[in-house]
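Below is the file run-v8.tsv, which contains TSV, C-alpha atoms.
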chain	number	residue	atom	x	y	z
W	1	MET	CA	48.65	104.73	122.49
W	2	GLN	CA	52.14	103.22	122.20
W	3	ALA	CA	53.41	106.08	119.99
W	4	PHE	CA	51.82	108.59	122.35
W	5	THR	CA	53.62	106.98	125.30
W	6	THR	CA	56.93	107.03	123.42
W	7	ILE	CA	56.56	110.76	122.77
W	8	LYS	CA	55.67	111.32	126.44
W	9	ARG	CA	58.77	109.44	127.59
W	10	ALA	CA	60.94	111.55	125.29
W	11	ILE	CA	59.39	114.77	126.63
W	12	ASP	CA	59.86	113.45	130.18
W	13	LYS	CA	63.57	112.88	129.51
W	14	VAL	CA	64.00	116.36	128.03
W	15	MET	CA	62.23	117.96	130.99
W	16	GLU	CA	64.24	115.87	133.44
W	17	TRP	CA	67.56	116.84	131.86
W	18	CYS	CA	66.54	120.49	131.65
W	19	CYS	CA	65.85	120.47	135.39
W	20	ILE	CA	69.15	118.71	136.11
W	21	LEU	CA	71.16	121.13	133.96
W	22	ILE	CA	69.43	124.21	135.37
W	23	LEU	CA	70.06	123.01	138.93
W	24	ALA	CA	73.73	122.26	138.13
W	25	VAL	CA	74.25	125.71	136.59
W	26	MET	CA	72.47	127.34	139.52
W	27	THR	CA	74.74	125.49	141.97
W	28	VAL	CA	77.84	126.74	140.18
W	29	LEU	CA	76.50	130.31	139.97
W	30	VAL	CA	75.51	130.47	143.64
W	31	THR	CA	78.85	128.99	144.71
W	32	TYR	CA	80.64	131.58	142.55
W	33	GLN	CA	78.45	134.30	144.06
W	34	VAL	CA	79.34	133.24	147.61
W	35	VAL	CA	83.05	133.08	146.83
W	36	THR	CA	83.13	136.51	145.14
W	37	ARG	CA	81.02	138.10	147.86
W	38	TYR	CA	82.74	136.76	150.98
W	39	PHE	CA	86.32	136.10	149.88
W	40	PHE	CA	86.89	138.93	147.39
W	41	ASP	CA	84.26	141.39	148.67
W	42	LYS	CA	83.10	141.98	145.07
W	43	PRO	CA	79.70	140.36	144.48
W	44	SER	CA	78.79	139.54	140.91
W	45	ALA	CA	75.50	141.08	139.78
W	46	ILE	CA	75.47	138.88	136.69
W	47	SER	CA	75.66	135.57	138.58
W	48	GLU	CA	73.01	136.75	141.05
W	49	ALA	CA	70.57	137.73	138.28
W	50	MET	CA	71.21	134.54	136.33
W	51	ALA	CA	70.64	132.39	139.42
W	52	GLN	CA	67.33	134.18	140.11
W	53	TYR	CA	66.09	133.70	136.55
W	54	LEU	CA	67.25	130.10	136.40
W	55	PHE	CA	65.36	129.46	139.64
W	56	VAL	CA	62.18	130.66	137.94
W	57	TRP	CA	62.93	128.39	134.96
W	58	LEU	CA	63.57	125.47	137.33
W	59	ILE	CA	60.19	126.01	138.97
W	60	MET	CA	58.40	126.19	135.61
W	61	PHE	CA	60.14	123.16	134.11
W	62	GLY	CA	59.89	121.19	137.35
W	63	GLY	CA	56.18	121.98	137.70
W	64	ALA	CA	55.45	120.83	134.16
W	65	TYR	CA	57.57	117.70	134.64
W	66	VAL	CA	55.84	116.73	137.88
W	67	PHE	CA	52.45	117.33	136.23
W	68	GLY	CA	53.48	114.95	133.44
W	69	LEU	CA	54.49	112.30	135.95
W	70	ARG	CA	51.13	112.75	137.70
W	71	GLU	CA	52.93	113.28	140.99
W	72	HIS	CA	51.54	116.72	141.70
W	73	LEU	CA	49.51	117.44	144.79
W	74	SER	CA	45.95	116.22	144.39
W	75	ILE	CA	43.13	115.55	146.76
W	76	THR	CA	41.44	112.35	145.62
W	77	VAL	CA	38.98	111.69	148.45
W	78	LEU	CA	35.92	112.18	146.25
W	79	LYS	CA	37.44	110.80	143.05
W	80	ASP	CA	38.45	107.54	144.76
W	81	LYS	CA	34.82	106.88	145.74
W	82	LEU	CA	33.58	107.10	142.14
W	83	SER	CA	32.81	104.16	139.90
W	84	PRO	CA	35.42	103.44	137.21
W	85	SER	CA	33.37	105.14	134.48
W	86	ASN	CA	32.73	108.23	136.62
W	87	ASN	CA	36.38	108.24	137.66
W	88	MET	CA	37.38	108.33	133.99
W	89	ILE	CA	34.93	111.18	133.34
W	90	ALA	CA	36.28	113.11	136.35
W	91	GLU	CA	39.84	112.58	135.13
W	92	ILE	CA	38.95	113.86	131.66
W	93	VAL	CA	37.11	116.91	133.06
W	94	ILE	CA	40.07	117.73	135.32
W	95	ASN	CA	42.45	117.48	132.38
W	96	ILE	CA	40.21	119.65	130.19
W	97	VAL	CA	40.20	122.35	132.87
W	98	LEU	CA	43.98	122.09	133.21
W	99	PHE	CA	44.31	122.18	129.41
W	100	LEU	CA	42.23	125.37	129.22
W	101	PHE	CA	44.25	126.97	132.02
W	102	ALA	CA	47.58	126.05	130.41
W	103	LEU	CA	46.38	127.26	127.00
W	104	SER	CA	44.86	130.57	128.08
W	105	VAL	CA	47.12	131.63	130.94
W	106	MET	CA	50.45	129.97	130.29
W	107	VAL	CA	50.70	129.64	126.51
W	108	MET	CA	48.69	132.60	125.23
W	109	GLY	CA	49.18	134.92	128.22
W	110	GLY	CA	52.79	133.87	128.70
W	111	TRP	CA	53.55	134.42	125.01
W	112	GLN	CA	51.97	137.89	125.05
W	113	GLY	CA	53.86	138.79	128.22
W	114	SER	CA	57.13	137.54	126.78
W	115	MET	CA	56.68	139.45	123.55
W	116	LYS	CA	55.82	142.67	125.41
W	117	GLN	CA	59.05	142.34	127.37
W	118	MET	CA	61.31	141.73	124.35
W	119	TYR	CA	62.07	145.44	124.17
W	120	THR	CA	63.01	145.72	127.85
W	121	VAL	CA	66.64	144.85	128.54
W	122	ASP	CA	67.71	143.35	131.87
W	123	ALA	CA	70.20	145.68	133.55
W	124	ALA	CA	72.59	142.98	134.78
W	125	LEU	CA	72.48	140.45	131.94
W	126	GLN	CA	71.89	142.84	129.02
W	127	ILE	CA	69.39	140.47	127.38
W	128	PRO	CA	65.70	141.06	126.66
W	129	VAL	CA	63.53	140.25	129.66
W	130	GLY	CA	61.16	138.44	127.28
W	131	VAL	CA	63.80	135.75	126.79
W	132	ILE	CA	63.64	135.09	130.51
W	133	TYR	CA	59.82	134.93	130.51
W	134	ILE	CA	59.66	132.52	127.55
W	135	ALA	CA	59.76	129.61	130.04
W	136	VAL	CA	56.07	130.23	130.82
W	137	PRO	CA	54.67	129.49	127.32
W	138	LEU	CA	57.21	126.70	126.75
W	139	CYS	CA	56.16	124.86	129.90
W	140	GLY	CA	52.53	125.67	129.16
W	141	ALA	CA	52.86	123.88	125.82
W	142	VAL	CA	54.37	120.86	127.55
W	143	MET	CA	51.49	120.87	130.05
W	144	LEU	CA	49.04	120.94	127.12
W	145	PHE	CA	50.57	117.74	125.82
W	146	TYR	CA	50.50	116.14	129.27
W	147	ALA	CA	46.81	117.06	129.75
W	148	VAL	CA	45.90	115.45	126.43
W	149	TYR	CA	48.03	112.41	127.21
W	150	ASN	CA	46.49	112.01	130.68
W	151	SER	CA	42.98	112.17	129.18
W	152	PHE	CA	43.80	109.47	126.64
W	153	LEU	CA	45.45	107.45	129.41
W	154	ALA	CA	42.29	107.64	131.54
W	155	VAL	CA	40.19	106.32	128.64
W	156	HIS	CA	42.77	103.62	127.89
W	157	GLU	CA	42.86	102.50	131.54
W	158	TYR	CA	39.07	102.39	131.67
W	159	ARG	CA	38.89	100.33	128.48
W	160	THR	CA	41.49	97.87	129.72
W	161	CYS	CA	39.68	97.62	133.09
W	162	LYS	CA	42.47	99.18	135.08
W	163	THR	CA	42.44	101.92	137.64
W	164	SER	CA	45.42	103.93	138.74
W	165	SER	CA	46.29	105.80	141.88
W	166	GLY	CA	49.48	107.77	141.31
W	167	ASN	CA	52.05	105.58	139.59
W	168	ASP	CA	50.49	102.37	140.93
W	169	THR	CA	48.32	100.50	138.43
W	170	THR	CA	46.16	97.61	139.57
W	171	THR	CA	43.72	95.39	137.71
W	172	MET	CA	40.10	95.39	138.84
Spell out the structure here as structure tokens.
Amino acid sequence: MQAFTTIKRAIDKVMEWCCILILAVMTVLVTYQVVTRYFFDKPSAISEAMAQYLFVWLIMFGGAYVFGLREHLSITVLKDKLSPSNNMIAEIVINIVLFLFALSVMVMGGWQGSMKQMYTVDAALQIPVGVIYIAVPLCGAVMLFYAVYNSFLAVHEYRTCKTSSGNDTTTM
């Protein structure tokens, strides 16, 4: 479990820095867009398109990162009333469903969608649209890892007689 946690922390750091860099680049692009539009009356189509695509990447990377931190929106009214063993089973079932969704929709579907769009060129950026869509299968793969990690974590917490709610871990 220790090696698994080390890998997760490394992936967390990569996702965190990707989000930070994307947001920083978006800030510069939007500022540039405002300046060129209002001060020079010549808006830049390239910076506008890049900011839009980076926003999509930020959402994808941020969503995967938050899922990995287990800080996503969840309704735990029923799960909190379960016994520790049933809570572990519920956690595993939830992660299996999320794993199947990420695999089928994000990784496989996202990859097929990206590959289909590799021959379509974006008018403003002059790059294949598939390059822009590749964020979906990339983040899907990260979510696959997080789903597996969260399942192993649920079993580990059950075995060590711990229960977690969010980031808070308490001993029973």
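Shortest atom-to-atom contact with Val105 (chain W) among W:Val155, W:Val25, W:Cys139, W:Leu58: W:Cys139, counting only C-alpha atoms.
Here CA of Pro84 (chain W) and CA of Phe99 (chain W) stand 22.2 Å from one another.
Considering only C-alpha atoms, the residue among W:Phe39, W:Phe61, W:Tyr53, W:Tyr149 positioned nearest to Asp122 (chain W) is W:Tyr53.
You will find CA of Val148 (chain W) at 22.4 Å from CA of Cys19 (chain W).
Restricting the calculation to all atoms listed in the file, the smallest distance between Glu48 (chain W) and any of W:Ile7, W:Ala147, W:Ile20, W:Ala123 is found for W:Ala123.
Computed from the coordinates, the CA of Met108 (chain W) to CA of Ala51 (chain W) distance equals 26.1 Å.
With all atoms listed in the file as the atoms that count, the residue of W:Ala102, W:Ile134, W:Ile22, W:Gly113 with the shortest distance to Ala64 (chain W) is W:Ala102.
The closest residue to Val14 (chain W), picked from W:Val136, W:Ala124, W:Ile92, W:Tyr65 and counting all atoms listed in the file, is W:Tyr65.
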Centre, edges in Å (one decimal): axis-aligned box, region 109-112 of chain W, 4 Å padding on all six sides, as AutoDock Vina command-line options:
--center_x 51.4 --center_y 135.9 --center_z 126.9 --size_x 12.4 --size_y 12.0 --size_z 11.7
Exercise: Ala90 (chain W) partners within 12 Å, all atoms listed in the file, chain neighbours under 4 positions left out, as a VMD selection string: chain W and resid 76 78 to 86 94 to 97 150 to 151 154 to 155
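Distances to Arg9 (chain W) were evaluated for W:Val34, W:Ala24, W:Leu54, W:Leu69 using only C-alpha atoms, and the minimum falls at W:Leu69.
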